Structures are given as C-alpha cells and as structure tokens.
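Asks: Structure file coords29.cif, mmCIF, C-alpha atoms, is pasted below:
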data_model
loop_
_atom_site.label_atom_id
_atom_site.label_comp_id
_atom_site.auth_asym_id
_atom_site.auth_seq_id
_atom_site.Cartn_x
_atom_site.Cartn_y
_atom_site.Cartn_z
CA MET G 1 1.11 7.28 22.76
CA SER G 2 -0.68 5.47 25.58
CA GLU G 3 -4.46 5.08 25.54
CA PHE G 4 -4.74 7.32 28.63
CA ARG G 5 -2.61 10.14 27.17
CA LEU G 6 -4.42 9.90 23.85
CA THR G 7 -7.80 10.20 25.60
CA LEU G 8 -6.68 13.28 27.55
CA THR G 9 -5.28 14.89 24.41
CA LEU G 10 -8.47 14.31 22.45
CA MET G 11 -10.75 15.50 25.24
CA SER G 12 -8.83 18.77 25.49
CA SER G 13 -8.94 19.25 21.72
CA GLY G 14 -12.71 18.83 21.42
CA LEU G 15 -12.29 16.19 18.72
CA PRO G 16 -14.81 13.72 20.25
CA SER G 17 -17.43 16.47 20.08
CA LEU G 18 -16.67 16.97 16.37
CA PHE G 19 -17.16 13.25 15.76
CA GLU G 20 -20.48 13.34 17.60
CA ARG G 21 -21.68 16.34 15.60
CA LEU G 22 -20.75 14.65 12.33
CA GLU G 23 -22.49 11.44 13.35
CA ARG G 24 -25.65 13.35 14.35
CA TRP G 25 -25.68 15.17 11.01
CA LEU G 26 -25.27 11.91 9.12
CA ALA G 27 -28.01 10.21 11.12
CA ALA G 28 -30.40 13.07 10.33
CA HIS G 29 -29.48 13.75 6.70
CA ALA G 30 -27.60 10.73 5.32
CA PRO G 31 -28.85 7.70 7.26
CA GLN G 32 -27.48 5.21 4.75
CA ILE G 33 -23.96 6.58 5.16
CA HIS G 34 -24.40 6.67 8.94
CA ALA G 35 -25.45 3.03 8.95
CA GLU G 36 -22.27 2.03 7.12
CA LEU G 37 -19.89 3.37 9.81
CA THR G 38 -17.83 0.53 11.28
CA PRO G 39 -16.33 0.02 14.75
CA GLY G 40 -12.97 1.61 15.45
CA VAL G 41 -9.63 -0.12 15.06
CA LYS G 42 -7.26 -1.08 17.88
CA ASN G 43 -4.27 1.00 18.86
CA SER G 44 -2.08 -1.94 17.93
CA GLU G 45 -3.30 -1.71 14.32
CA LEU G 46 -2.27 1.93 14.17
CA ASP G 47 1.06 1.00 15.72
CA GLU G 48 1.56 -1.37 12.78
CA LEU G 49 1.06 1.51 10.35
CA GLU G 50 3.63 3.53 12.26
CA ALA G 51 6.09 0.64 12.08
CA LEU G 52 5.47 0.24 8.33
CA THR G 53 5.91 3.91 7.43
CA GLY G 54 8.46 4.86 10.08
CA GLN G 55 6.25 7.83 10.96
CA THR G 56 4.62 8.79 14.26
CA LEU G 57 0.93 9.31 13.58
CA PRO G 58 -0.66 12.50 14.95
CA PRO G 59 -3.30 12.02 17.68
CA ASP G 60 -6.11 13.29 15.42
CA PHE G 61 -5.30 10.68 12.74
CA ARG G 62 -5.30 7.93 15.36
CA ALA G 63 -8.58 9.26 16.76
CA LEU G 64 -10.26 9.19 13.33
CA TYR G 65 -9.56 5.47 13.01
CA ARG G 66 -10.19 4.69 16.67
CA ARG G 67 -13.69 6.16 16.26
CA HIS G 68 -14.52 4.29 13.05
CA GLY G 69 -12.26 2.00 11.08
CA ASP G 70 -14.26 2.84 7.98
CA TRP G 71 -16.13 6.13 7.60
CA GLY G 72 -17.36 5.15 4.14
CA ARG G 73 -18.49 8.21 2.17
CA ALA G 74 -18.95 10.41 5.25
CA LEU G 75 -16.04 12.72 4.36
CA ARG G 76 -16.95 13.59 0.74
CA LEU G 77 -14.49 11.14 -0.82
CA THR G 78 -14.30 7.47 0.20
CA HIS G 79 -12.52 6.82 3.49
CA MET G 80 -9.70 4.27 3.35
CA PRO G 81 -9.63 1.41 5.89
CA LEU G 82 -6.19 0.83 7.38
CA MET G 83 -5.38 -2.15 5.18
CA GLN G 84 -6.01 0.00 2.13
CA VAL G 85 -3.73 2.70 3.60
CA HIS G 86 -1.06 0.01 3.99
CA ARG G 87 -1.46 -1.13 0.38
CA ASP G 88 -1.37 2.41 -1.03
CA TRP G 89 1.73 3.35 0.95
CA LEU G 90 3.52 0.17 -0.13
CA MET G 91 2.61 0.90 -3.74
CA TRP G 92 4.17 4.37 -3.52
CA GLU G 93 7.21 2.91 -1.75
CA SER G 94 7.69 0.44 -4.60
CA LEU G 95 7.81 3.38 -7.05
CA SER G 96 9.96 5.66 -4.92
CA GLY G 97 13.22 4.44 -6.43
CA GLU G 98 12.20 5.30 -9.98
CA ASP G 99 13.76 8.30 -11.74
CA PHE G 100 10.45 10.15 -11.97
CA ALA G 101 9.67 9.78 -8.26
CA SER G 102 11.67 12.77 -7.04
CA THR G 103 11.29 15.07 -10.02
CA MET G 104 10.04 18.54 -9.20
CA GLU G 105 9.24 19.52 -12.77
CA GLY G 106 5.55 20.28 -13.27
CA HIS G 107 4.70 19.96 -9.57
CA ALA G 108 3.54 22.88 -7.44
CA SER G 109 2.52 23.53 -3.84
CA PHE G 110 -0.35 25.79 -2.76
CA PRO G 111 0.62 27.70 -0.71
CA ALA G 112 4.16 27.84 -2.09
CA GLY G 113 6.76 26.07 0.00
CA ALA G 114 4.29 24.09 2.13
CA ILE G 115 4.26 20.74 0.30
CA THR G 116 7.26 19.02 -1.29
CA PRO G 117 6.73 19.62 -5.04
CA ARG G 118 7.38 16.11 -6.25
CA TYR G 119 5.50 13.03 -7.39
CA ILE G 120 6.20 10.83 -4.35
CA ASN G 121 6.87 11.59 -0.71
CA LEU G 122 6.70 8.63 1.67
CA GLY G 123 5.67 11.01 4.45
CA TRP G 124 2.27 11.41 2.78
CA ILE G 125 -0.25 9.10 4.49
CA PRO G 126 -3.64 8.89 2.71
CA PHE G 127 -7.04 8.55 4.38
CA LEU G 128 -9.45 9.49 1.55
CA THR G 129 -9.37 8.24 -2.05
CA ASP G 130 -11.04 8.95 -5.38
CA TYR G 131 -10.22 5.37 -6.53
CA GLY G 132 -8.32 6.92 -9.42
CA GLY G 133 -4.90 6.95 -7.78
CA ASN G 134 -5.43 10.26 -5.97
CA SER G 135 -5.80 10.92 -2.26
CA VAL G 136 -6.38 13.35 0.54
CA GLY G 137 -3.98 12.59 3.36
CA ILE G 138 -1.76 13.90 6.12
CA ASP G 139 1.70 15.24 5.33
CA LEU G 140 4.28 14.04 7.86
CA ALA G 141 7.25 15.32 5.86
CA PRO G 142 6.24 18.85 4.81
CA ALA G 143 8.37 21.42 3.01
CA SER G 144 9.89 24.35 4.90
CA ALA G 145 6.73 26.49 4.97
CA GLY G 146 4.45 23.58 5.84
CA VAL G 147 3.28 22.09 9.12
CA ARG G 148 3.68 18.44 10.06
CA GLY G 149 0.25 16.81 10.00
CA GLN G 150 -1.24 19.21 7.45
CA VAL G 151 -4.00 17.76 5.25
CA ILE G 152 -3.08 17.80 1.57
CA THR G 153 -4.05 16.50 -1.87
CA PHE G 154 -1.65 14.25 -3.77
CA GLY G 155 -1.61 11.33 -6.16
CA ARG G 156 -1.22 10.14 -9.73
CA ASP G 157 -2.91 13.18 -11.32
CA GLU G 158 -2.30 15.74 -8.59
CA ARG G 159 0.57 17.85 -9.89
CA GLU G 160 -0.95 20.90 -8.16
CA LYS G 161 -0.94 19.96 -4.49
CA TYR G 162 -3.07 21.92 -2.04
CA VAL G 163 -3.04 22.30 1.73
CA LEU G 164 -6.67 21.81 2.78
CA ALA G 165 -6.05 22.45 6.48
CA PRO G 166 -3.12 22.75 8.92
CA SER G 167 -4.23 19.56 10.68
CA LEU G 168 -6.79 16.78 10.42
CA HIS G 169 -8.60 18.30 13.40
CA ASP G 170 -8.94 21.61 11.52
CA PHE G 171 -10.04 19.78 8.37
CA LEU G 172 -12.78 17.95 10.27
CA ARG G 173 -13.94 21.11 12.04
CA GLU G 174 -14.27 22.98 8.74
CA TYR G 175 -16.07 20.02 7.19
CA VAL G 176 -18.58 19.65 10.04
CA GLU G 177 -19.23 23.38 10.20
CA ARG G 178 -19.94 23.42 6.45
CA LEU G 179 -22.49 20.63 6.81
CA GLU G 180 -24.18 22.24 9.81
CA ALA G 181 -24.36 25.59 7.96
CA GLY G 182 -26.19 24.00 5.04
CA ARG G 183 -23.19 24.02 2.72
CA GLY G 184 -23.37 20.30 2.07
CA ARG G 185 -25.99 18.14 0.41
CA VAL G 186 -26.81 14.47 0.11
CA ILE G 187 -27.14 12.99 -3.35
CA ASP G 188 -28.96 9.70 -3.87
CA GLU G 189 -27.33 7.64 -6.60
CA ASN G 190 -29.48 5.03 -8.35
CA ASP G 191 -29.04 4.00 -11.99
CA PRO G 192 -31.71 1.50 -13.11
CA ASP G 193 -29.92 0.99 -16.44
CA PHE G 194 -27.20 -1.10 -14.81
CA PRO G 195 -28.87 -3.73 -12.59
CA PRO G 196 -28.21 -5.00 -10.03
CA PHE G 197 -26.89 -1.53 -9.22
CA GLN G 198 -27.13 -0.86 -5.49
CA PRO G 199 -28.38 2.64 -4.63
CA PHE G 200 -26.12 4.66 -2.35
CA GLN G 201 -25.75 8.13 -0.90
CA ARG G 202 -22.85 10.52 -1.34
CA LEU G 203 -22.12 13.96 0.03
CA GLU G 204 -21.26 17.08 -1.89
CA LEU G 205 -19.88 20.32 -0.46
CA THR G 206 -20.87 23.66 -1.93
CA ASN G 207 -18.90 26.86 -2.37
CA ALA G 208 -19.87 30.25 -0.95
CA ALA G 209 -22.39 30.71 -3.78
CA GLY G 210 -24.10 27.41 -2.95
CA GLU G 211 -22.71 25.64 -6.01
CA GLY G 212 -21.43 22.08 -5.92
CA VAL G 213 -18.69 20.53 -8.00
CA ASP G 214 -19.27 17.12 -9.53
CA GLU G 215 -16.89 17.15 -12.48
CA TYR G 216 -13.53 18.28 -11.16
CA LEU G 217 -10.02 18.87 -12.46
CA ARG G 218 -8.29 18.29 -9.13
CA LEU G 219 -9.28 16.91 -5.74
CA ALA G 220 -9.07 20.36 -4.19
CA ASP G 221 -12.13 21.37 -6.24
CA LEU G 222 -14.20 19.05 -4.05
CA PHE G 223 -13.28 21.08 -0.95
CA PRO G 224 -13.87 24.70 -2.09
CA GLY G 225 -12.45 27.32 0.23
CA PHE G 226 -10.60 24.82 2.43
CA GLY G 227 -7.10 26.00 3.38
CA ASP G 228 -5.45 27.46 0.29
CA VAL G 229 -8.14 26.21 -2.09
CA PRO G 230 -9.97 29.01 -3.96
CA ASN G 231 -13.76 29.23 -3.76
CA ARG G 232 -14.20 28.44 -7.46
#
Please express the file's structure as structure tokens.
Replies:
Amino acid sequence: MSEFRLTLTLMSSGLPSLFERLERWLAAHAPQIHAELTPGVKNSELDELEALTGQTLPPDFRALYRRHGDWGRALRLTHMPLMQVHRDWLMWESLSGEDFASTMEGHASFPAGAITPRYINLGWIPFLTDYGGNSVGIDLAPASAGVRGQVITFGRDEREKYVLAPSLHDFLREYVERLEAGRGRVIDENDPDFPPFQPFQRLELTNAAGEGVDEYLRLADLFPGFGDVPNR
C-alpha cells in the first residue's frame, strides 16, 4: 500500500485520533511509559516483514508501527519491535514441520471456529509478548468463523485461544476507552531488594467490578471483557 493510500485509509478510520488519545493519557498518567515511546519505522521495514511472512499486513498494523516502532508497556503487555516480531515468527517457522505443530488435540478457539485450533499457524503475527513464549497478535489465516486481521492470543502455553477484537483498530479503541473511563491503572514497580533494579511503570486493566488481574492463567485474563473474553 502506498504512503498516500495508507494515510487516506487511516484518516477515514479515525486511527490517528486513537493514537493521540492514548498518547495524551500516557503523558498525563504514565509519563515514564510515554517517555519511552520511540519514533515510527519506515514502510520499507514493514514491507520486509510482509516478504518474510508472505502475508499482506493490514493498514492498522502498519499504522501502529509507523506511529511508534516501540510502544514499550503502553498496551498492557510489552510491545514487540519489528526485529523481535521477525525473530518470533522465524522461531515458529522452524518448529512448524514438527509432528506436534499441527495437532488440534487440547486446543480450542473462543469463539468456536474463529481461530485455527492448533499449536502453530504461520499466519499469526505477534505484536505483544509476555516474554514467556506467549503473544497477542493479528490472525491473518483465521478459521472459517474468524475474520482476517482479528486480534488473538496464542503461544507456548495458550491452548485456549481467544479473539480479543475483530481488528487491531477495534482492539485499540476498546483499550483507549477503558483507560479514559478509569478502567486502567498505573503500577509503579520498584524492588529495593534487587539493586540496581530500575523502577518502571506498567499498566493494568480492570474488569467491570474494578478488579485487576496480576496472576493469570492465560493472556486473555489480562484483557477482561475484550471480544470473547469473559469478565472474570
């Protein structure tokens, strides 16, 4: 997609406004996270990811990285710079020929039929990570009841895979609206028992009852009420 067409598409979608609202919220409530945002990547760098994966990236995914190459901890989990996305995808590709890669046993999609119920699908492109082998990403090869570009959970421990939103744009809108409605909080992390530990900020979303989830069984627990995720 040309730069001009991408700009027109994003302007009509209202995505730049969502980015601005998120940045304003971070500046007001999580200044340390806001200060860590990096400049956006070039279109050519996103083209390289397309060439690697053989997948056409949706405009909202390109826009996320064009705005900031690294969003840090602005999106609840840690955002993955493009080189990390490359490395993760190549890791999954290296495992895709193994016998366990395509097994459907023990894997489930929520809602049913939306996500391929298997361990590996090379159409899954991550953008958030828990640094434990699990990711939130876009699904460019959905199952029959899914939508291309839907935001899903997947990874080493994610046998129950959830659709968080039908698109990255919808995921970001829900996320920003939660923060603006007071359903997100900033937690300052600082452990003096392990010097030279650097203090940092992280965000936590709350459910409808105002409760946060720190210890979680699956990534979907960190995004209560998103998509098909129950408000636990």
Asks: Taking only C-alpha atoms into account, name the residue in G:Leu46, G:Ala112, G:Ile125, G:Val176 that is nearest to G:Glu23.
Replies: G:Val176
Asks: Could you expand the PyMOL selection byres ((chain G and resi 132) around 9) into the explicit residues it covers here, written as a list in words?
Replies: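 Output from the PyMOL selection byres ((chain G and resi 132) around 9), applied to this file: Thr129, Asp130, Tyr131, Gly133, Asn134, Ser135, Gly155, Arg156 and Asp157 of chain G.
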Asks: Spell out the residues picked by the PyMOL selection byres ((chain G and resi 165) around 9) here, as a list of chain:residue names.
Replies: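 That selection, the PyMOL selection byres ((chain G and resi 165) around 9), comes back as G:Gln150, G:Val151, G:Ile152, G:Val163, G:Leu164, G:Pro166, G:Ser167, G:Leu168, G:His169, G:Asp170, G:Phe171, G:Leu172, G:Glu174, G:Phe226, G:Gly227, G:Asp228.
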Asks: Find the distance between atom CA of G:Gly146 and atom CA of G:Leu179 and write it in Å to one decimal.
Replies: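 Going from atom CA of G:Gly146 over to atom CA of G:Leu179, I get 27.1 Å.
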Asks: Could you tell me which of G:Arg173, G:Glu158, G:Ser144, G:Met91 comes closest to G:Ser17 if we count only C-alpha atoms?
Replies: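 Closest to G:Ser17, using only C-alpha atoms: G:Arg173.
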Asks: Given the choices G:Trp25, G:Trp124, G:Trp71, G:Tyr119, which gets closest to G:Pro142 if the distance is worked out from all atoms listed in the file?
Replies: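 Closest residue, counting all atoms listed in the file: G:Trp124.
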Asks: For the provided coordinates, the residues matched by the PyMOL selection byres ((chain G and resi 65) around 12) should be stated as JSON, numbers by chain.
Replies: {"G": [19, 37, 38, 39, 40, 41, 42, 43, 44, 45, 46, 47, 49, 57, 58, 59, 60, 61, 62, 63, 64, 66, 67, 68, 69, 70, 71, 72, 79, 80, 81, 82, 83, 85, 127, 168]}
Asks: Generate the output file for the selected residues, C-alpha atoms, as a CSV table (one decimal), in the frame of the given file.
Replies:
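Final file, out-v3.csv:
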chain,number,residue,atom,x,y,z
G,19,PHE,CA,-17.2,13.2,15.8
G,37,LEU,CA,-19.9,3.4,9.8
G,38,THR,CA,-17.8,0.5,11.3
G,39,PRO,CA,-16.3,0.0,14.8
G,40,GLY,CA,-13.0,1.6,15.4
G,41,VAL,CA,-9.6,-0.1,15.1
G,42,LYS,CA,-7.3,-1.1,17.9
G,43,ASN,CA,-4.3,1.0,18.9
G,44,SER,CA,-2.1,-1.9,17.9
G,45,GLU,CA,-3.3,-1.7,14.3
G,46,LEU,CA,-2.3,1.9,14.2
G,47,ASP,CA,1.1,1.0,15.7
G,49,LEU,CA,1.1,1.5,10.4
G,57,LEU,CA,0.9,9.3,13.6
G,58,PRO,CA,-0.7,12.5,15.0
G,59,PRO,CA,-3.3,12.0,17.7
G,60,ASP,CA,-6.1,13.3,15.4
G,61,PHE,CA,-5.3,10.7,12.7
G,62,ARG,CA,-5.3,7.9,15.4
G,63,ALA,CA,-8.6,9.3,16.8
G,64,LEU,CA,-10.3,9.2,13.3
G,66,ARG,CA,-10.2,4.7,16.7
G,67,ARG,CA,-13.7,6.2,16.3
G,68,HIS,CA,-14.5,4.3,13.0
G,69,GLY,CA,-12.3,2.0,11.1
G,70,ASP,CA,-14.3,2.8,8.0
G,71,TRP,CA,-16.1,6.1,7.6
G,72,GLY,CA,-17.4,5.2,4.1
G,79,HIS,CA,-12.5,6.8,3.5
G,80,MET,CA,-9.7,4.3,3.4
G,81,PRO,CA,-9.6,1.4,5.9
G,82,LEU,CA,-6.2,0.8,7.4
G,83,MET,CA,-5.4,-2.2,5.2
G,85,VAL,CA,-3.7,2.7,3.6
G,127,PHE,CA,-7.0,8.6,4.4
G,168,LEU,CA,-6.8,16.8,10.4
Asks: Please, what distance in Å, to one decimal, runs between atom CA of G:Ala108 and atom CA of G:Ser94?
Replies: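 Taking atom CA of G:Ala108 as the start and atom CA of G:Ser94 as the end point, the length is 23.0 Å.
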Asks: Would you kindly return, as an mmCIF file with C-alpha atoms, in the coordinates of the input, each protein, DNA or RNA residue with an atom no farther than 12 Å from any atom of stretch 207-218 of chain G, considering all atoms listed in the file and excluding same-chain residues fewer than 3 positions away?
Replies:
data_model
loop_
_atom_site.group_PDB
_atom_site.id
_atom_site.type_symbol
_atom_site.label_atom_id
_atom_site.label_comp_id
_atom_site.auth_asym_id
_atom_site.auth_seq_id
_atom_site.Cartn_x
_atom_site.Cartn_y
_atom_site.Cartn_z
ATOM 1 C CA ARG G 76 -16.950 13.590 0.740
ATOM 2 C CA LEU G 77 -14.490 11.140 -0.820
ATOM 3 C CA ASP G 130 -11.040 8.950 -5.380
ATOM 4 C CA GLY G 132 -8.320 6.920 -9.420
ATOM 5 C CA GLY G 133 -4.900 6.950 -7.780
ATOM 6 C CA ASN G 134 -5.430 10.260 -5.970
ATOM 7 C CA SER G 135 -5.800 10.920 -2.260
ATOM 8 C CA VAL G 136 -6.380 13.350 0.540
ATOM 9 C CA ILE G 152 -3.080 17.800 1.570
ATOM 10 C CA THR G 153 -4.050 16.500 -1.870
ATOM 11 C CA PHE G 154 -1.650 14.250 -3.770
ATOM 12 C CA GLY G 155 -1.610 11.330 -6.160
ATOM 13 C CA ARG G 156 -1.220 10.140 -9.730
ATOM 14 C CA ASP G 157 -2.910 13.180 -11.320
ATOM 15 C CA GLU G 158 -2.300 15.740 -8.590
ATOM 16 C CA ARG G 159 0.570 17.850 -9.890
ATOM 17 C CA GLU G 160 -0.950 20.900 -8.160
ATOM 18 C CA LYS G 161 -0.940 19.960 -4.490
ATOM 19 C CA TYR G 162 -3.070 21.920 -2.040
ATOM 20 C CA ARG G 178 -19.940 23.420 6.450
ATOM 21 C CA LEU G 179 -22.490 20.630 6.810
ATOM 22 C CA ALA G 181 -24.360 25.590 7.960
ATOM 23 C CA GLY G 182 -26.190 24.000 5.040
ATOM 24 C CA ARG G 183 -23.190 24.020 2.720
ATOM 25 C CA GLY G 184 -23.370 20.300 2.070
ATOM 26 C CA ARG G 185 -25.990 18.140 0.410
ATOM 27 C CA VAL G 186 -26.810 14.470 0.110
ATOM 28 C CA ILE G 187 -27.140 12.990 -3.350
ATOM 29 C CA ARG G 202 -22.850 10.520 -1.340
ATOM 30 C CA LEU G 203 -22.120 13.960 0.030
ATOM 31 C CA GLU G 204 -21.260 17.080 -1.890
ATOM 32 C CA ASP G 221 -12.130 21.370 -6.240
ATOM 33 C CA LEU G 222 -14.200 19.050 -4.050
ATOM 34 C CA PHE G 223 -13.280 21.080 -0.950
ATOM 35 C CA PRO G 224 -13.870 24.700 -2.090
ATOM 36 C CA GLY G 225 -12.450 27.320 0.230
ATOM 37 C CA PHE G 226 -10.600 24.820 2.430
ATOM 38 C CA VAL G 229 -8.140 26.210 -2.090
ATOM 39 C CA PRO G 230 -9.970 29.010 -3.960
ATOM 40 C CA ASN G 231 -13.760 29.230 -3.760
ATOM 41 C CA ARG G 232 -14.200 28.440 -7.460
#
Asks: Nearest residue to G:Pro31 out of G:Ile120, G:Leu205, G:Ala74, G:Met104, using all atoms listed in the file?
Replies: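 Of G:Ile120, G:Leu205, G:Ala74, G:Met104, the one nearest G:Pro31, counting all atoms listed in the file, is G:Ala74.
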